[in-house]
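Novice: Encoded as structure tokens, here's the structure I'll be asking about.
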Amino acid sequence: MGVGFLVDPSASEAEVLYEMAYRIPDAYVEFYAVGLPVVPGTERPATPEIVSSTVVWKDPAEKGTWSCPVGQYGRAWERRHEEERR
């Protein structure tokens, strides 16, 4: 089973990346029955948002408390866990 979607060829790079990021959690849930990516330290799924032409993952439940650029989630996760250990 595959996952796909249409992309508007006139869309900006940020808009295309946003659409991909927006659909990744749904596709992952369909395949593995797990919502991803999660906000570090929680079980809440992060949501994508375009901020100044950059697509970021954000915590939808707590505005402004956590975000990271799409593609840098692993580093943001590690950084959050290091802060919690201190």
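Naming scheme: A, B, ... for chains in displayed order of the structure tokens; residues 1 onward per chain; ligands 1 onward as shown.
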List every residue of segment 5-85 of chain A that DSSP, applied to the backbone of this structure, places in alpha helix (DSSP H), and write the result as an mmCIF file with N, CA and C atoms, in the first residue's frame.
Specialist:
data_model
loop_
_atom_site.group_PDB
_atom_site.id
_atom_site.type_symbol
_atom_site.label_atom_id
_atom_site.label_comp_id
_atom_site.auth_asym_id
_atom_site.auth_seq_id
_atom_site.Cartn_x
_atom_site.Cartn_y
_atom_site.Cartn_z
ATOM 1 N N GLU A 13 7.978 26.493 -2.468
ATOM 2 C CA GLU A 13 8.659 25.354 -1.842
ATOM 3 C C GLU A 13 8.134 25.131 -0.421
ATOM 4 N N ALA A 14 7.921 26.226 0.312
ATOM 5 C CA ALA A 14 7.414 26.109 1.679
ATOM 6 C C ALA A 14 6.013 25.501 1.695
ATOM 7 N N GLU A 15 5.171 25.890 0.755
ATOM 8 C CA GLU A 15 3.810 25.339 0.701
ATOM 9 C C GLU A 15 3.815 23.848 0.375
ATOM 10 N N VAL A 16 4.693 23.425 -0.525
ATOM 11 C CA VAL A 16 4.799 22.002 -0.870
ATOM 12 C C VAL A 16 5.306 21.213 0.336
ATOM 13 N N LEU A 17 6.351 21.721 1.009
ATOM 14 C CA LEU A 17 6.877 21.041 2.191
ATOM 15 C C LEU A 17 5.821 20.976 3.288
ATOM 16 N N TYR A 18 5.048 22.050 3.456
ATOM 17 C CA TYR A 18 3.962 22.062 4.434
ATOM 18 C C TYR A 18 2.954 20.957 4.129
ATOM 19 N N GLU A 19 2.541 20.854 2.880
ATOM 20 C CA GLU A 19 1.567 19.817 2.497
ATOM 21 C C GLU A 19 2.111 18.423 2.785
ATOM 22 N N MET A 20 3.394 18.217 2.500
ATOM 23 C CA MET A 20 3.999 16.914 2.792
ATOM 24 C C MET A 20 4.012 16.664 4.295
ATOM 25 N N ALA A 21 4.460 17.660 5.067
ATOM 26 C CA ALA A 21 4.528 17.509 6.522
ATOM 27 C C ALA A 21 3.135 17.301 7.109
ATOM 28 N N TYR A 22 2.158 17.989 6.552
ATOM 29 C CA TYR A 22 0.784 17.872 7.038
ATOM 30 C C TYR A 22 0.251 16.456 6.850
ATOM 31 N N ARG A 23 0.672 15.795 5.778
ATOM 32 C CA ARG A 23 0.153 14.464 5.461
ATOM 33 C C ARG A 23 0.970 13.315 6.068
ATOM 34 N N ILE A 24 2.206 13.559 6.453
ATOM 35 C CA ILE A 24 3.052 12.495 7.008
ATOM 36 C C ILE A 24 2.413 11.822 8.213
ATOM 37 N N PRO A 25 1.917 12.569 9.206
ATOM 38 C CA PRO A 25 1.329 11.886 10.363
ATOM 39 C C PRO A 25 0.166 10.972 9.986
ATOM 40 N N ASP A 26 -0.696 11.409 9.083
ATOM 41 C CA ASP A 26 -1.825 10.567 8.664
ATOM 42 C C ASP A 26 -1.349 9.289 7.988
ATOM 43 N N ALA A 27 -0.354 9.417 7.120
ATOM 44 C CA ALA A 27 0.169 8.237 6.430
ATOM 45 C C ALA A 27 0.810 7.283 7.431
ATOM 46 N N TYR A 28 1.546 7.817 8.382
ATOM 47 C CA TYR A 28 2.203 6.977 9.381
ATOM 48 C C TYR A 28 1.172 6.254 10.240
ATOM 49 N N VAL A 29 0.123 6.976 10.629
ATOM 50 C CA VAL A 29 -0.944 6.361 11.426
ATOM 51 C C VAL A 29 -1.578 5.218 10.649
ATOM 52 N N GLU A 30 -1.816 5.429 9.370
ATOM 53 C CA GLU A 30 -2.417 4.373 8.551
ATOM 54 C C GLU A 30 -1.529 3.137 8.513
ATOM 55 N N PHE A 31 -0.225 3.327 8.426
ATOM 56 C CA PHE A 31 0.691 2.193 8.343
ATOM 57 C C PHE A 31 0.975 1.542 9.694
ATOM 58 N N TYR A 32 1.139 2.341 10.735
ATOM 59 C CA TYR A 32 1.635 1.815 12.012
ATOM 60 C C TYR A 32 0.704 2.029 13.204
ATOM 61 N N TYR A 73 13.729 17.433 13.371
ATOM 62 C CA TYR A 73 12.998 16.899 14.518
ATOM 63 C C TYR A 73 13.893 16.062 15.438
ATOM 64 N N GLY A 74 14.751 15.229 14.871
ATOM 65 C CA GLY A 74 15.628 14.384 15.677
ATOM 66 C C GLY A 74 16.515 15.197 16.599
ATOM 67 N N ARG A 75 17.086 16.271 16.080
ATOM 68 C CA ARG A 75 17.941 17.132 16.910
ATOM 69 C C ARG A 75 17.134 17.847 17.984
ATOM 70 N N ALA A 76 15.931 18.283 17.635
ATOM 71 C CA ALA A 76 15.080 18.972 18.612
ATOM 72 C C ALA A 76 14.674 18.014 19.729
ATOM 73 N N TRP A 77 14.402 16.759 19.377
ATOM 74 C CA TRP A 77 14.035 15.736 20.364
ATOM 75 C C TRP A 77 15.197 15.507 21.338
ATOM 76 N N GLU A 78 16.396 15.355 20.801
ATOM 77 C CA GLU A 78 17.571 15.131 21.639
ATOM 78 C C GLU A 78 17.826 16.322 22.568
ATOM 79 N N ARG A 79 17.704 17.538 22.033
ATOM 80 C CA ARG A 79 17.926 18.750 22.819
ATOM 81 C C ARG A 79 16.929 18.827 23.980
ATOM 82 N N ARG A 80 15.657 18.495 23.710
ATOM 83 C CA ARG A 80 14.623 18.540 24.749
ATOM 84 C C ARG A 80 14.914 17.538 25.858
ATOM 85 N N HIS A 81 15.355 16.329 25.484
ATOM 86 C CA HIS A 81 15.671 15.313 26.484
ATOM 87 C C HIS A 81 16.894 15.702 27.305
ATOM 88 N N GLU A 82 17.866 16.355 26.707
ATOM 89 C CA GLU A 82 19.041 16.819 27.452
ATOM 90 C C GLU A 82 18.626 17.854 28.495
ATOM 91 N N GLU A 83 17.706 18.770 28.115
ATOM 92 C CA GLU A 83 17.227 19.785 29.042
ATOM 93 C C GLU A 83 16.485 19.145 30.213
ATOM 94 N N GLU A 84 15.709 18.101 29.939
ATOM 95 C CA GLU A 84 14.936 17.434 30.996
ATOM 96 C C GLU A 84 15.839 16.702 31.974
ATOM 97 N N ARG A 85 16.991 16.230 31.525
ATOM 98 C CA ARG A 85 17.916 15.486 32.395
ATOM 99 C C ARG A 85 18.679 16.407 33.342
#
Novice: Could you tell me which of A:Val70, A:Leu6, A:Val39, A:Ala11 comes closest to Val55 of chain A if we count only C-alpha atoms?
Specialist: A:Val70
Novice: Would you kindly return, as JSON, numbers by chain, each protein, DNA or RNA residue with an atom no farther than 9 Å from any atom of Val56 of chain A, considering only C-alpha atoms and excluding same-chain residues fewer than 5 positions away?
Specialist: {"A": [18, 21, 47, 48, 49, 50, 51, 67, 68, 69, 70, 71]}
Novice: At what distance in Å, to one decimal, does atom CA of Pro45 of chain A lie from atom CA of Val7 of chain A?
Specialist: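 Atom CA of Val7 of chain A sits 23.6 Å away from atom CA of Pro45 of chain A.
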Novice: Name the residues of segment 40-84 of chain A that fall into strand (DSSP E or B) according to DSSP on the backbone, using the chain letters and numbers of this document, as a ChimeraX atom specification.
Specialist: /A:45,47-51,54-58,67-69
Novice: What separation in Å, quoted to one decimal, exists between atom CA of Pro9 of chain A and atom CA of Ser52 of chain A?
Specialist: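 So the two atoms, atom CA of Pro9 of chain A and atom CA of Ser52 of chain A, lie 20.5 Å apart.
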Novice: Take atom CA of Thr65 of chain A and atom CA of Gly41 of chain A and report the distance between them in Å, one decimal.
Specialist: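 Calculated distance between atom CA of Thr65 of chain A and atom CA of Gly41 of chain A is 11.9 Å.
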